[in-house]
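Peer 1: Got data_35.tsv for you, TSV, C-alpha atoms:
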```tsv
chain	number	residue	atom	x	y	z
K	259	MET	CA	75.61	61.83	102.28
K	260	ASP	CA	77.92	59.69	100.12
K	261	GLN	CA	80.25	62.36	98.82
K	262	ILE	CA	80.61	66.13	99.09
K	263	THR	CA	83.13	68.05	97.00
K	264	VAL	CA	84.54	71.38	98.14
K	265	TYR	CA	86.06	73.55	95.40
K	266	GLY	CA	88.29	76.23	96.84
K	267	ALA	CA	91.82	77.48	97.36
K	268	PRO	CA	94.24	77.38	100.32
K	269	TRP	CA	94.38	81.20	100.58
K	270	CYS	CA	90.57	81.54	100.90
K	271	PRO	CA	89.42	82.08	104.54
K	272	ASP	CA	85.81	81.06	103.78
K	273	CYS	CA	87.13	77.83	102.25
K	274	ARG	CA	89.08	77.10	105.43
K	275	ARG	CA	85.97	77.85	107.52
K	276	SER	CA	83.77	75.52	105.47
K	277	LYS	CA	86.39	72.76	105.55
K	278	ALA	CA	86.76	73.10	109.31
K	279	PHE	CA	82.97	72.96	109.75
K	280	LEU	CA	82.71	69.75	107.72
K	281	VAL	CA	85.63	68.20	109.62
K	282	GLU	CA	84.06	69.16	112.96
K	283	GLN	CA	80.79	67.57	111.87
K	284	ARG	CA	82.80	64.51	110.80
K	285	VAL	CA	81.35	64.72	107.29
K	286	PRO	CA	83.68	63.22	104.61
K	287	PHE	CA	84.44	65.39	101.61
K	288	THR	CA	86.79	65.73	98.66
K	289	TRP	CA	88.86	68.90	98.39
K	290	ILE	CA	89.64	70.37	94.96
K	291	ASP	CA	92.18	73.22	94.84
K	292	VAL	CA	91.02	75.31	91.88
K	293	ASP	CA	94.40	77.04	91.72
K	294	ALA	CA	96.04	73.72	90.91
K	295	ASP	CA	93.18	71.95	89.10
K	296	ALA	CA	92.15	73.60	85.83
K	297	GLU	CA	89.25	71.20	85.36
K	298	GLY	CA	87.98	72.03	88.83
K	299	LEU	CA	88.08	75.76	88.08
K	300	ARG	CA	86.30	75.18	84.76
K	301	TYR	CA	83.54	73.27	86.57
K	302	VAL	CA	83.10	76.08	89.12
K	303	GLN	CA	82.79	78.62	86.31
K	304	GLU	CA	80.27	76.38	84.55
K	305	LEU	CA	78.12	76.16	87.69
K	306	GLN	CA	78.24	79.92	88.21
K	307	GLY	CA	77.80	81.02	84.60
K	308	GLY	CA	81.35	82.27	84.41
K	309	GLY	CA	81.78	83.20	88.09
K	310	ARG	CA	84.65	82.01	90.26
K	311	THR	CA	83.29	82.47	93.81
K	312	ILE	CA	84.69	79.99	96.30
K	313	PRO	CA	84.09	77.89	98.20
K	314	THR	CA	81.66	76.17	95.90
K	315	ILE	CA	80.34	73.05	97.61
K	316	VAL	CA	78.69	70.35	95.50
K	317	PHE	CA	76.44	67.70	97.07
K	318	PRO	CA	75.66	64.13	95.91
K	319	ASP	CA	72.23	65.13	94.59
K	320	GLY	CA	73.89	67.61	92.21
K	321	SER	CA	72.89	70.71	94.16
K	322	HIS	CA	75.50	73.20	95.31
K	323	LEU	CA	76.13	76.10	97.67
K	324	ILE	CA	78.31	79.09	96.86
K	325	GLU	CA	80.24	80.71	99.74
K	326	PRO	CA	77.73	79.42	102.32
K	327	SER	CA	77.60	80.49	105.96
K	328	ASN	CA	77.97	77.78	108.59
K	329	ALA	CA	74.23	78.05	109.22
K	330	GLU	CA	73.45	77.50	105.51
K	331	LEU	CA	75.83	74.56	105.40
K	332	ALA	CA	74.30	73.12	108.57
K	333	GLY	CA	70.84	73.42	107.04
K	334	LYS	CA	71.94	71.62	103.89
K	335	LEU	CA	73.45	68.85	105.99
K	336	GLY	CA	70.09	68.42	107.70
K	337	LEU	CA	71.21	69.70	111.09
K	338	GLN	CA	68.42	70.93	113.33
K	339	LEU	CA	69.04	74.62	114.02
K	340	ARG	CA	66.05	75.53	116.18
K	341	ALA	CA	65.00	73.91	119.45
K	342	GLN	CA	61.58	72.34	119.92
K	343	ARG	CA	60.67	74.72	122.75
K	344	THR	CA	61.72	78.10	124.07
K	345	VAL	CA	61.95	77.31	127.81
K	346	TYR	CA	64.04	74.60	129.49
K	347	ASP	CA	65.15	73.70	132.99
K	348	ILE	CA	68.76	74.12	131.89
K	349	VAL	CA	70.59	75.34	128.78
K	350	ILE	CA	74.13	74.10	128.25
K	351	VAL	CA	76.22	76.28	125.93
K	352	GLY	CA	78.88	74.05	124.42
K	353	GLY	CA	78.66	70.43	123.29
K	354	GLY	CA	82.07	69.00	124.15
K	355	PRO	CA	82.78	66.38	126.82
K	356	ALA	CA	81.94	68.77	129.70
K	357	GLY	CA	78.67	69.90	128.17
K	358	LEU	CA	77.51	66.45	127.08
K	359	SER	CA	78.34	64.97	130.48
K	360	ALA	CA	76.37	67.74	132.21
K	361	ALA	CA	73.45	67.07	129.85
K	362	ILE	CA	73.46	63.34	130.59
K	363	TYR	CA	73.33	63.99	134.33
K	364	ALA	CA	70.69	66.69	133.89
K	365	ALA	CA	68.44	64.22	132.12
K	366	ARG	CA	69.03	61.64	134.85
K	367	GLU	CA	67.99	64.27	137.40
K	368	GLY	CA	64.72	64.77	135.55
K	369	MET	CA	65.65	68.15	134.03
K	370	ASP	CA	64.75	69.21	130.51
K	371	ALA	CA	68.12	70.08	128.97
K	372	LEU	CA	69.06	71.88	125.77
K	373	VAL	CA	72.62	71.80	124.41
K	374	LEU	CA	73.71	74.51	121.98
K	375	GLU	CA	77.01	73.93	120.14
K	376	ARG	CA	78.34	76.38	117.56
K	377	GLY	CA	80.47	73.75	115.81
K	378	ALA	CA	80.10	70.01	116.03
K	379	LEU	CA	78.98	68.01	119.04
K	380	GLY	CA	81.98	66.43	120.70
K	381	GLY	CA	84.10	69.59	120.71
K	382	GLN	CA	87.86	69.47	120.29
K	383	ALA	CA	87.89	65.88	121.51
K	384	GLY	CA	85.99	64.90	118.36
K	385	THR	CA	88.81	66.15	116.11
K	386	THR	CA	91.63	64.64	118.17
K	387	GLU	CA	93.22	61.65	116.46
K	388	ARG	CA	93.58	59.56	119.62
K	389	ILE	CA	93.06	59.94	123.36
K	390	ASP	CA	95.31	57.68	125.42
K	391	ASN	CA	94.60	58.86	128.96
K	392	TYR	CA	90.82	58.54	129.28
K	393	PRO	CA	90.02	56.06	132.08
K	394	GLY	CA	88.57	52.74	131.00
K	395	PHE	CA	90.27	52.59	127.60
K	396	PRO	CA	93.69	51.02	128.22
K	397	GLU	CA	94.45	50.85	124.50
K	398	GLY	CA	93.29	54.42	123.94
K	399	ILE	CA	90.26	55.57	121.99
K	400	GLY	CA	89.80	57.70	118.89
K	401	GLY	CA	88.54	61.18	119.66
K	402	ALA	CA	85.68	60.86	117.19
K	403	GLU	CA	84.61	57.53	118.71
K	404	LEU	CA	84.60	58.96	122.24
K	405	ALA	CA	82.58	61.95	121.04
K	406	ASP	CA	80.09	59.66	119.30
K	407	ARG	CA	79.68	57.61	122.48
K	408	LEU	CA	78.97	60.73	124.55
K	409	ILE	CA	76.47	61.98	121.98
K	410	ALA	CA	74.70	58.61	121.83
K	411	HIS	CA	74.53	58.50	125.64
K	412	ALA	CA	72.92	61.95	125.76
K	413	ARG	CA	70.43	61.03	123.04
K	414	ARG	CA	69.50	57.88	124.95
K	415	TYR	CA	68.08	60.22	127.60
K	416	ASP	CA	66.32	62.37	124.97
K	417	VAL	CA	68.53	65.40	125.56
K	418	GLU	CA	67.90	67.99	122.84
K	419	LEU	CA	71.18	68.59	121.03
K	420	LEU	CA	71.73	71.36	118.47
K	421	SER	CA	74.99	71.82	116.54
K	422	GLY	CA	75.88	74.68	114.22
K	423	VAL	CA	74.08	77.08	116.59
K	424	GLU	CA	76.17	79.92	117.99
K	425	VAL	CA	75.19	81.85	121.12
K	426	SER	CA	75.63	85.62	120.83
K	427	THR	CA	74.68	86.77	124.35
K	428	MET	CA	72.81	85.96	127.56
K	429	HIS	CA	71.30	87.89	130.48
K	430	ARG	CA	69.28	87.45	133.65
K	431	GLU	CA	65.63	88.45	133.67
K	432	SER	CA	63.72	87.86	136.91
K	433	ASP	CA	64.21	84.16	137.80
K	434	CYS	CA	65.22	83.22	134.28
K	435	VAL	CA	68.44	83.27	132.25
K	436	LEU	CA	67.80	84.18	128.62
K	437	VAL	CA	70.19	82.81	126.02
K	438	THR	CA	70.14	84.42	122.57
K	439	ALA	CA	71.46	82.58	119.52
K	440	ALA	CA	73.11	84.35	116.59
K	441	SER	CA	69.98	83.48	114.58
K	442	GLY	CA	67.91	85.58	116.98
K	443	ASP	CA	66.22	82.63	118.67
K	444	VAL	CA	65.92	83.12	122.43
K	445	TYR	CA	65.81	80.31	125.00
K	446	GLY	CA	64.93	80.71	128.65
K	447	ALA	CA	66.23	78.48	131.45
K	448	ASP	CA	66.34	78.28	135.22
K	449	ALA	CA	70.13	77.96	134.91
K	450	VAL	CA	72.90	77.88	132.31
K	451	ILE	CA	76.20	75.99	132.21
K	452	VAL	CA	78.87	77.40	129.87
K	453	THR	CA	81.16	74.69	128.48
K	454	THR	CA	82.40	76.39	125.30
K	455	GLY	CA	85.99	75.22	125.66
K	456	SER	CA	88.93	76.87	123.95
K	457	HIS	CA	90.72	77.10	120.62
K	458	TYR	CA	94.33	76.91	119.49
K	459	ARG	CA	96.44	80.03	120.01
K	460	ARG	CA	98.44	81.61	117.22
K	461	LEU	CA	102.12	82.54	117.38
K	462	GLY	CA	101.50	86.22	116.67
K	463	ILE	CA	104.36	86.71	114.20
K	464	PRO	CA	103.58	89.12	111.30
K	465	SER	CA	103.84	86.53	108.52
K	466	GLU	CA	101.49	84.05	110.21
K	467	ASP	CA	98.05	85.29	109.18
K	468	GLY	CA	98.86	85.42	105.48
K	469	LEU	CA	99.97	81.80	105.44
K	470	ILE	CA	97.10	80.19	107.35
K	471	GLY	CA	95.89	77.37	105.15
K	472	LEU	CA	98.90	77.90	102.89
K	473	GLY	CA	101.19	75.65	104.86
K	474	VAL	CA	100.48	76.94	108.37
K	475	HIS	CA	97.82	74.95	110.26
K	476	TYR	CA	96.38	74.40	113.73
K	477	CYS	CA	94.48	71.12	113.36
K	478	ALA	CA	96.37	67.98	112.38
K	479	THR	CA	93.21	65.90	112.00
K	480	CYS	CA	91.80	68.52	109.63
K	481	ASP	CA	94.82	69.24	107.45
K	482	ALA	CA	97.69	66.77	107.97
K	483	PRO	CA	96.20	64.21	105.52
K	484	PHE	CA	96.79	66.71	102.70
K	485	TYR	CA	100.54	66.25	103.30
K	486	LYS	CA	100.62	62.47	103.23
K	487	GLY	CA	104.03	61.29	102.07
K	488	ALA	CA	105.73	64.66	102.68
K	489	SER	CA	109.44	64.55	103.47
K	490	GLU	CA	109.15	66.80	106.54
K	491	ILE	CA	106.53	68.55	108.68
K	492	VAL	CA	107.36	71.01	111.46
K	493	VAL	CA	105.31	70.98	114.68
K	494	ILE	CA	105.63	74.04	116.92
K	495	GLY	CA	104.98	73.49	120.63
K	496	GLY	CA	106.02	71.14	123.41
K	497	GLY	CA	102.84	70.28	125.31
K	498	ASN	CA	100.53	67.28	125.12
K	499	SER	CA	98.67	68.51	122.04
K	500	ALA	CA	101.89	69.19	120.09
K	501	LEU	CA	103.43	65.83	120.90
K	502	GLU	CA	100.26	63.78	120.45
K	503	GLU	CA	99.63	65.37	117.06
K	504	SER	CA	103.31	64.83	116.15
K	505	LEU	CA	102.86	61.11	116.74
K	506	TYR	CA	99.85	61.13	114.44
K	507	ILE	CA	101.57	63.16	111.72
K	508	ALA	CA	104.56	60.80	111.88
K	509	THR	CA	102.30	57.99	110.68
K	510	ILE	CA	101.73	59.71	107.33
K	511	VAL	CA	104.97	61.64	106.58
K	512	ASP	CA	108.68	60.78	106.49
K	513	LYS	CA	109.85	63.11	109.26
K	514	VAL	CA	108.41	65.38	111.96
K	515	THR	CA	110.55	68.16	113.46
K	516	ILE	CA	109.32	69.55	116.79
K	517	LEU	CA	110.35	73.11	117.71
K	518	THR	CA	109.58	74.39	121.20
K	519	ARG	CA	110.67	77.46	123.21
K	520	GLY	CA	111.47	75.58	126.40
K	521	GLU	CA	111.74	71.96	127.38
K	522	LEU	CA	108.99	69.50	126.51
K	523	SER	CA	106.07	69.85	128.93
K	524	ALA	CA	103.88	66.94	127.83
K	525	SER	CA	103.22	63.95	130.07
K	526	ALA	CA	106.09	61.52	130.60
K	527	LEU	CA	104.40	58.76	128.60
K	528	VAL	CA	103.83	60.99	125.57
K	529	GLN	CA	107.40	62.30	125.76
K	530	GLU	CA	108.72	58.75	125.85
K	531	ALA	CA	106.65	57.83	122.80
K	532	VAL	CA	107.96	60.85	120.89
K	533	ARG	CA	111.62	60.37	121.83
K	534	SER	CA	111.48	56.69	120.90
K	535	ASN	CA	109.96	57.39	117.47
K	536	PRO	CA	112.75	57.41	114.86
K	537	LYS	CA	110.73	59.68	112.58
K	538	ILE	CA	110.52	62.52	115.12
K	539	GLU	CA	113.30	65.00	115.88
K	540	VAL	CA	113.03	67.43	118.83
K	541	HIS	CA	114.64	70.87	119.08
K	542	THR	CA	114.13	72.63	122.42
K	543	GLY	CA	114.98	76.23	123.33
K	544	MET	CA	113.87	77.59	119.94
K	545	ASP	CA	112.03	80.87	119.23
K	546	ILE	CA	110.07	81.07	115.98
K	547	VAL	CA	111.28	84.21	114.23
K	548	ASP	CA	109.46	84.14	110.92
K	549	PHE	CA	107.65	82.16	108.26
K	550	GLU	CA	109.06	82.69	104.78
K	551	ARG	CA	106.79	82.57	101.75
K	552	LYS	CA	107.69	80.79	98.52
K	553	ASP	CA	105.42	80.58	95.46
K	554	GLY	CA	102.49	81.82	97.56
K	555	ARG	CA	102.89	79.18	100.28
K	556	LEU	CA	105.03	78.45	103.30
K	557	GLY	CA	108.61	78.13	102.13
K	558	ALA	CA	110.57	78.02	105.37
K	559	VAL	CA	110.37	78.26	109.15
K	560	ILE	CA	113.05	80.47	110.68
K	561	ALA	CA	113.88	79.67	114.30
K	562	ARG	CA	116.48	81.12	116.67
K	563	GLU	CA	118.31	79.16	119.33
K	564	ARG	CA	117.65	80.92	122.63
K	565	ALA	CA	121.01	79.96	124.15
K	566	SER	CA	123.32	80.95	121.27
K	567	GLY	CA	121.22	83.35	119.20
K	568	ARG	CA	122.01	81.30	116.08
K	569	GLU	CA	119.23	81.08	113.51
K	570	GLN	CA	118.19	77.82	111.89
K	571	ARG	CA	116.17	77.41	108.72
K	572	PHE	CA	113.71	74.56	108.18
K	573	GLU	CA	111.96	73.93	104.87
K	574	PRO	CA	108.99	71.66	105.67
K	575	ALA	CA	105.95	70.97	103.54
K	576	ALA	CA	103.86	72.53	106.34
K	577	ALA	CA	104.00	73.78	109.92
K	578	PHE	CA	101.43	72.83	112.56
K	579	VAL	CA	101.15	75.19	115.54
K	580	PHE	CA	100.19	73.97	119.03
K	581	VAL	CA	101.28	76.66	121.51
K	582	GLY	CA	98.37	76.82	123.89
K	583	LEU	CA	94.70	77.63	123.98
K	584	ASP	CA	92.49	80.72	124.14
K	585	PRO	CA	88.98	80.47	125.64
K	586	ASN	CA	85.80	80.74	123.59
K	587	THR	CA	84.33	83.52	125.72
K	588	GLN	CA	83.98	86.45	123.32
K	589	PHE	CA	80.20	86.41	123.67
K	590	LEU	CA	80.49	86.71	127.47
K	591	ARG	CA	82.56	89.89	127.67
K	592	GLY	CA	80.74	92.38	129.87
K	593	ILE	CA	78.30	89.66	130.99
K	594	VAL	CA	80.35	87.55	133.39
K	595	ASP	CA	83.73	88.23	134.99
K	596	LEU	CA	86.70	86.94	132.96
K	597	ASP	CA	90.33	86.65	134.02
K	598	GLU	CA	93.22	88.37	132.24
K	599	MET	CA	93.40	85.53	129.71
K	600	GLY	CA	89.66	85.54	129.04
K	601	PHE	CA	88.85	82.36	131.00
K	602	ILE	CA	85.89	82.29	133.41
K	603	PRO	CA	86.65	82.35	137.15
K	604	THR	CA	84.27	80.26	139.25
K	605	ASP	CA	83.83	79.41	142.90
K	606	ASP	CA	84.03	75.87	144.28
K	607	SER	CA	80.51	75.17	143.00
K	608	TYR	CA	81.45	76.23	139.44
K	609	ALA	CA	79.26	79.35	139.73
K	610	THR	CA	80.28	82.45	137.75
K	611	SER	CA	79.75	86.09	138.68
K	612	LEU	CA	76.27	86.02	137.07
K	613	ASP	CA	73.67	84.32	139.25
K	614	ARG	CA	72.58	80.90	137.96
K	615	VAL	CA	75.25	80.83	135.28
K	616	PHE	CA	77.93	78.17	135.81
K	617	ALA	CA	81.05	77.18	133.86
K	618	ALA	CA	82.94	73.90	133.44
K	619	GLY	CA	85.69	72.38	131.36
K	620	ASP	CA	88.45	74.11	129.38
K	621	VAL	CA	86.67	77.49	129.40
K	622	ARG	CA	87.08	77.78	133.19
K	623	SER	CA	90.02	79.41	134.97
K	624	GLY	CA	92.22	76.75	136.51
K	625	ALA	CA	90.94	73.89	134.36
K	626	THR	CA	93.46	71.14	133.66
K	627	ARG	CA	92.60	70.93	129.92
K	628	GLN	CA	92.06	67.17	130.06
K	629	VAL	CA	89.06	65.26	128.71
K	630	GLY	CA	88.65	63.31	131.95
K	631	SER	CA	88.58	66.42	134.13
K	632	ALA	CA	86.20	68.18	131.69
K	633	VAL	CA	83.74	65.30	132.08
K	634	GLY	CA	84.04	65.51	135.87
K	635	GLU	CA	83.61	69.27	135.93
K	636	GLY	CA	80.52	69.10	133.73
K	637	ILE	CA	78.94	66.60	136.12
K	638	ALA	CA	79.96	68.59	139.21
K	639	ALA	CA	78.57	71.82	137.73
K	640	LEU	CA	75.26	70.12	136.98
K	641	LEU	CA	74.99	68.82	140.55
K	642	SER	CA	75.62	72.38	141.78
K	643	VAL	CA	72.82	73.61	139.53
K	644	ARG	CA	70.51	70.99	140.99
K	645	ARG	CA	71.26	72.17	144.53
K	646	VAL	CA	70.64	75.81	143.62
K	647	LEU	CA	67.32	75.04	141.94
K	648	GLU	CA	66.18	72.85	144.83
K	649	ARG	CA	67.13	75.55	147.30
K	650	ASN	CA	65.04	78.05	145.34
K	651	HIS	CA	62.18	75.54	144.93
K	652	LEU	CA	62.47	75.74	141.17
K	653	LYS	CA	62.89	72.00	140.72
K	654	ALA	CA	61.61	69.15	142.83
K	655	PRO	CA	64.36	66.89	144.21
K	656	ASN	CA	64.96	63.77	142.17
K	657	VAL	CA	64.20	60.62	144.15
K	658	ALA	CA	65.18	58.12	141.48
K	659	ASP	CA	68.40	56.16	141.83
```
Turn this file's structure into structure tokens for me.
Peer 2:
Amino acid sequence: MDQITVYGAPWCPDCRRSKAFLVEQRVPFTWIDVDADAEGLRYVQELQGGGRTIPTIVFPDGSHLIEPSNAELAGKLGLQLRAQRTVYDIVIVGGGPAGLSAAIYAAREGMDALVLERGALGGQAGTTERIDNYPGFPEGIGGAELADRLIAHARRYDVELLSGVEVSTMHRESDCVLVTAASGDVYGADAVIVTTGSHYRRLGIPSEDGLIGLGVHYCATCDAPFYKGASEIVVIGGGNSALEESLYIATIVDKVTILTRGELSASALVQEAVRSNPKIEVHTGMDIVDFERKDGRLGAVIARERASGREQRFEPAAAFVFVGLDPNTQFLRGIVDLDEMGFIPTDDSYATSLDRVFAAGDVRSGATRQVGSAVGEGIAALLSVRRVLERNHLKAPNVAD
């Protein structure tokens, strides 16, 4: 599609969801804030016969959707939402680097594989501006490009890939694992690998929720471009994600201020890049106390020095939060064992507590949260599945090279 226009407002949660879905799918669009654009609001009312429901999403052919679900938006984008069959050798839940790597190796082992991804294929890697530590790319590689390469590789082996399809539950039945999608479609498999990854954690301060999308954000690739040319952006966090995204944000704004509770914990190379960037200022030992609101948006970030107790006030155009990750395992509660943080414990073969269900990548307890290790874990989990199926005579050994 040449151009999609999303009419919405920063305070609207469904607008944020639709924007995030389009960004994840790497679909370009134009954003019109109807609170600030009178002509945009007039056009929305004209389309709706006087109504003002947002988001209103207009497509190049002149058609439009009003407050669509992700499934409706996926359908309009032409995404396939139902698999060709109902039974596969293996179902992989999650289409990031771990899941796609497992799928590639499954196909090479002669298994029929189905990948179900609730967002966009490529996972978080696909929305990362740049990945500088993936082996074989000494100059680094864009996250979207790496994701596209993994997807193309899987499609070369005719792996069936579905995006925009969320899994709601799964259970064992005889020698089969049944995976149920939110749509109600059910897929059976000899084994399942869960590679659903994780999502960015929130700070948990009372003022945070009301300012999400109104100056408080969690995805630089998604939202930083809206602040191009801003005098200052605050980034909260001191790990790899916070510092890598700070380097990206610094390319489009005048100044980036990093606030972190402890010392920086990112890799030495990333720290060096940040400290040598004249547009980035680092404040360690800072607790975030509050977000202040001004004119309906983020007005200030209030931070307290841990050593002295002195409060500091920052007035950025926006704040981007990168303080850790929470696993995408809500649909597995009561189905497989989870640790106290919600991640999936596995044994050395990547097996979970539910027979023939395996886990790999960022969703697994003890994972290193690196793209390279996620790829390796996805492959290792698939090889464990192969051994289990061969041992149970459910799949003939592969004799090809």
Peer 1: Which residues of range 335-390 of chain K come within 12 Å of range 578-590 of chain K, and for each one, what is the closest pair of atoms and their distance in Å to one decimal, counting all atoms listed in the file, sorted by chain and residue number, as JSON lines?
Peer 2:
```
{"residue": "K:Val351", "atom": "CA", "partner": "K:Asn586", "partner_atom": "CA", "distance": 10.8}
{"residue": "K:Gly352", "atom": "CA", "partner": "K:Asn586", "partner_atom": "CA", "distance": 9.7}
{"residue": "K:Glu375", "atom": "CA", "partner": "K:Asn586", "partner_atom": "CA", "distance": 11.6}
{"residue": "K:Arg376", "atom": "CA", "partner": "K:Asn586", "partner_atom": "CA", "distance": 10.5}
{"residue": "K:Gly377", "atom": "CA", "partner": "K:Asn586", "partner_atom": "CA", "distance": 11.7}
{"residue": "K:Gly381", "atom": "CA", "partner": "K:Asn586", "partner_atom": "CA", "distance": 11.6}
{"residue": "K:Gln382", "atom": "CA", "partner": "K:Leu583", "partner_atom": "CA", "distance": 11.3}
```
Peer 1: Using only C-alpha atoms, which residues of range 453-529 of chain K come within 8 Å of range 266-278 of chain K, and what is the closest atom pair for each, with the distance in Å to one decimal? Give it as a Markdown table, sorted by chain and residue number.
Peer 2:
```
| residue | atom | partner | partner_atom | distance |
| --- | --- | --- | --- | --- |
| K:Gly468 | CA | K:Trp269 | CA | 7.9 |
| K:Leu469 | CA | K:Trp269 | CA | 7.4 |
| K:Ile470 | CA | K:Trp269 | CA | 7.4 |
| K:Gly471 | CA | K:Pro268 | CA | 5.1 |
| K:Leu472 | CA | K:Pro268 | CA | 5.3 |
| K:Cys480 | CA | K:Ala278 | CA | 6.8 |
```
Peer 1: Have a look at K:Ser623, K:Thr542, K:Ser499, K:Thr427 and name the one nearest to Ile602 in chain K; count all atoms listed in the file.
Peer 2: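 When distances to Ile602 in chain K are compared using all atoms listed in the file, the smallest one comes from K:Ser623.
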Peer 1: Set out as JSON lines a contact list for range 330-389 of chain K and range 446-463 of chain K with a cut-off of 7 Å, giving each residue of range 330-389 of chain K that qualifies its closest atom pair and distance in Å to one decimal, counting only C-alpha atoms, ordered by chain and rising residue number.
Peer 2:
```
{"residue": "K:Thr344", "atom": "CA", "partner": "K:Gly446", "partner_atom": "CA", "distance": 6.2}
{"residue": "K:Val345", "atom": "CA", "partner": "K:Gly446", "partner_atom": "CA", "distance": 4.6}
{"residue": "K:Tyr346", "atom": "CA", "partner": "K:Ala447", "partner_atom": "CA", "distance": 4.9}
{"residue": "K:Asp347", "atom": "CA", "partner": "K:Ala447", "partner_atom": "CA", "distance": 5.1}
{"residue": "K:Ile348", "atom": "CA", "partner": "K:Ala447", "partner_atom": "CA", "distance": 5.1}
{"residue": "K:Val349", "atom": "CA", "partner": "K:Val450", "partner_atom": "CA", "distance": 4.9}
{"residue": "K:Ile350", "atom": "CA", "partner": "K:Ile451", "partner_atom": "CA", "distance": 4.9}
{"residue": "K:Val351", "atom": "CA", "partner": "K:Val452", "partner_atom": "CA", "distance": 4.9}
{"residue": "K:Gly352", "atom": "CA", "partner": "K:Thr454", "partner_atom": "CA", "distance": 4.3}
{"residue": "K:Ala356", "atom": "CA", "partner": "K:Thr453", "partner_atom": "CA", "distance": 6.1}
{"residue": "K:Gly357", "atom": "CA", "partner": "K:Thr453", "partner_atom": "CA", "distance": 5.4}
```
Peer 1: For the selection you just gave me, I'd like the residues written to a file as a PDB file, in the coordinates of the input, keeping C-alpha atoms.
Peer 2:
```pdb
ATOM      1  CA  THR K 344      61.720  78.100 124.070  1.00  0.00           C
ATOM      2  CA  VAL K 345      61.950  77.310 127.810  1.00  0.00           C
ATOM      3  CA  TYR K 346      64.040  74.600 129.490  1.00  0.00           C
ATOM      4  CA  ASP K 347      65.150  73.700 132.990  1.00  0.00           C
ATOM      5  CA  ILE K 348      68.760  74.120 131.890  1.00  0.00           C
ATOM      6  CA  VAL K 349      70.590  75.340 128.780  1.00  0.00           C
ATOM      7  CA  ILE K 350      74.130  74.100 128.250  1.00  0.00           C
ATOM      8  CA  VAL K 351      76.220  76.280 125.930  1.00  0.00           C
ATOM      9  CA  GLY K 352      78.880  74.050 124.420  1.00  0.00           C
ATOM     10  CA  ALA K 356      81.940  68.770 129.700  1.00  0.00           C
ATOM     11  CA  GLY K 357      78.670  69.900 128.170  1.00  0.00           C
TER      12      GLY K 357
END
```
Peer 1: Please indicate the distance in Å from CA of Thr515 in chain K to CA of Ala575 in chain K, rounded to one decimal place.
Peer 2: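 Answer for the CA of Thr515 in chain K to CA of Ala575 in chain K separation: 11.3 Å.
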Peer 1: Residues near Gln342 in chain K, anyone? I mean within 12 Å using only C-alpha atoms, not counting same-chain ones fewer than 2 positions away, as an MDAnalysis selection string.
Peer 2: chainID K and resid 338:340 344:346 370:373 417:420 443:445
Peer 1: Take the residues that were just selected and, keeping C-alpha atoms, output them as a PDB file, in the frame of the given file.
Peer 2:
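part-v3.pdb, written as the output of this step:
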```pdb
ATOM      1  CA  GLN K 338      68.420  70.930 113.330  1.00  0.00           C
ATOM      2  CA  LEU K 339      69.040  74.620 114.020  1.00  0.00           C
ATOM      3  CA  ARG K 340      66.050  75.530 116.180  1.00  0.00           C
ATOM      4  CA  THR K 344      61.720  78.100 124.070  1.00  0.00           C
ATOM      5  CA  VAL K 345      61.950  77.310 127.810  1.00  0.00           C
ATOM      6  CA  TYR K 346      64.040  74.600 129.490  1.00  0.00           C
ATOM      7  CA  ASP K 370      64.750  69.210 130.510  1.00  0.00           C
ATOM      8  CA  ALA K 371      68.120  70.080 128.970  1.00  0.00           C
ATOM      9  CA  LEU K 372      69.060  71.880 125.770  1.00  0.00           C
ATOM     10  CA  VAL K 373      72.620  71.800 124.410  1.00  0.00           C
ATOM     11  CA  VAL K 417      68.530  65.400 125.560  1.00  0.00           C
ATOM     12  CA  GLU K 418      67.900  67.990 122.840  1.00  0.00           C
ATOM     13  CA  LEU K 419      71.180  68.590 121.030  1.00  0.00           C
ATOM     14  CA  LEU K 420      71.730  71.360 118.470  1.00  0.00           C
ATOM     15  CA  ASP K 443      66.220  82.630 118.670  1.00  0.00           C
ATOM     16  CA  VAL K 444      65.920  83.120 122.430  1.00  0.00           C
ATOM     17  CA  TYR K 445      65.810  80.310 125.000  1.00  0.00           C
TER      18      TYR K 445
END
```
Peer 1: Enter the distance from CA of Val316 in chain K to CA of Glu424 in chain K, in Å, rounded to one decimal.
Peer 2: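 If I compute the distance from CA of Val316 in chain K to CA of Glu424 in chain K, I get 24.6 Å.
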Peer 1: Dump as a ChimeraX atom specification all residues having an atom at most 10 Å from (86.4, 75.4, 134.6), computed in the file's coordinates with all atoms listed in the file.
Peer 2: /K:356,452-453,455,601-606,608-610,616-627,631-632,635-636,639
Peer 1: K:Glu490, K:Glu598, K:Asp390, K:Asp512: which is nearest Ala531 in chain K, counting only C-alpha atoms?
Peer 2: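 Of all the options, K:Asp390 lies closest to Ala531 in chain K.
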Peer 1: Using Å and a single decimal, report how far CA of Val423 in chain K sits from CA of Gly368 in chain K.
Peer 2: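 These atoms are spaced 24.5 Å apart.
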Peer 1: With distances taken over all atoms listed in the file, which residue among K:Ala524, K:Leu408, K:Ile507, K:Ala482 lies nearest Ser359 in chain K?
Peer 2: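 Comparing K:Ala524, K:Leu408, K:Ile507, K:Ala482 against Ser359 in chain K, the winner is K:Leu408.
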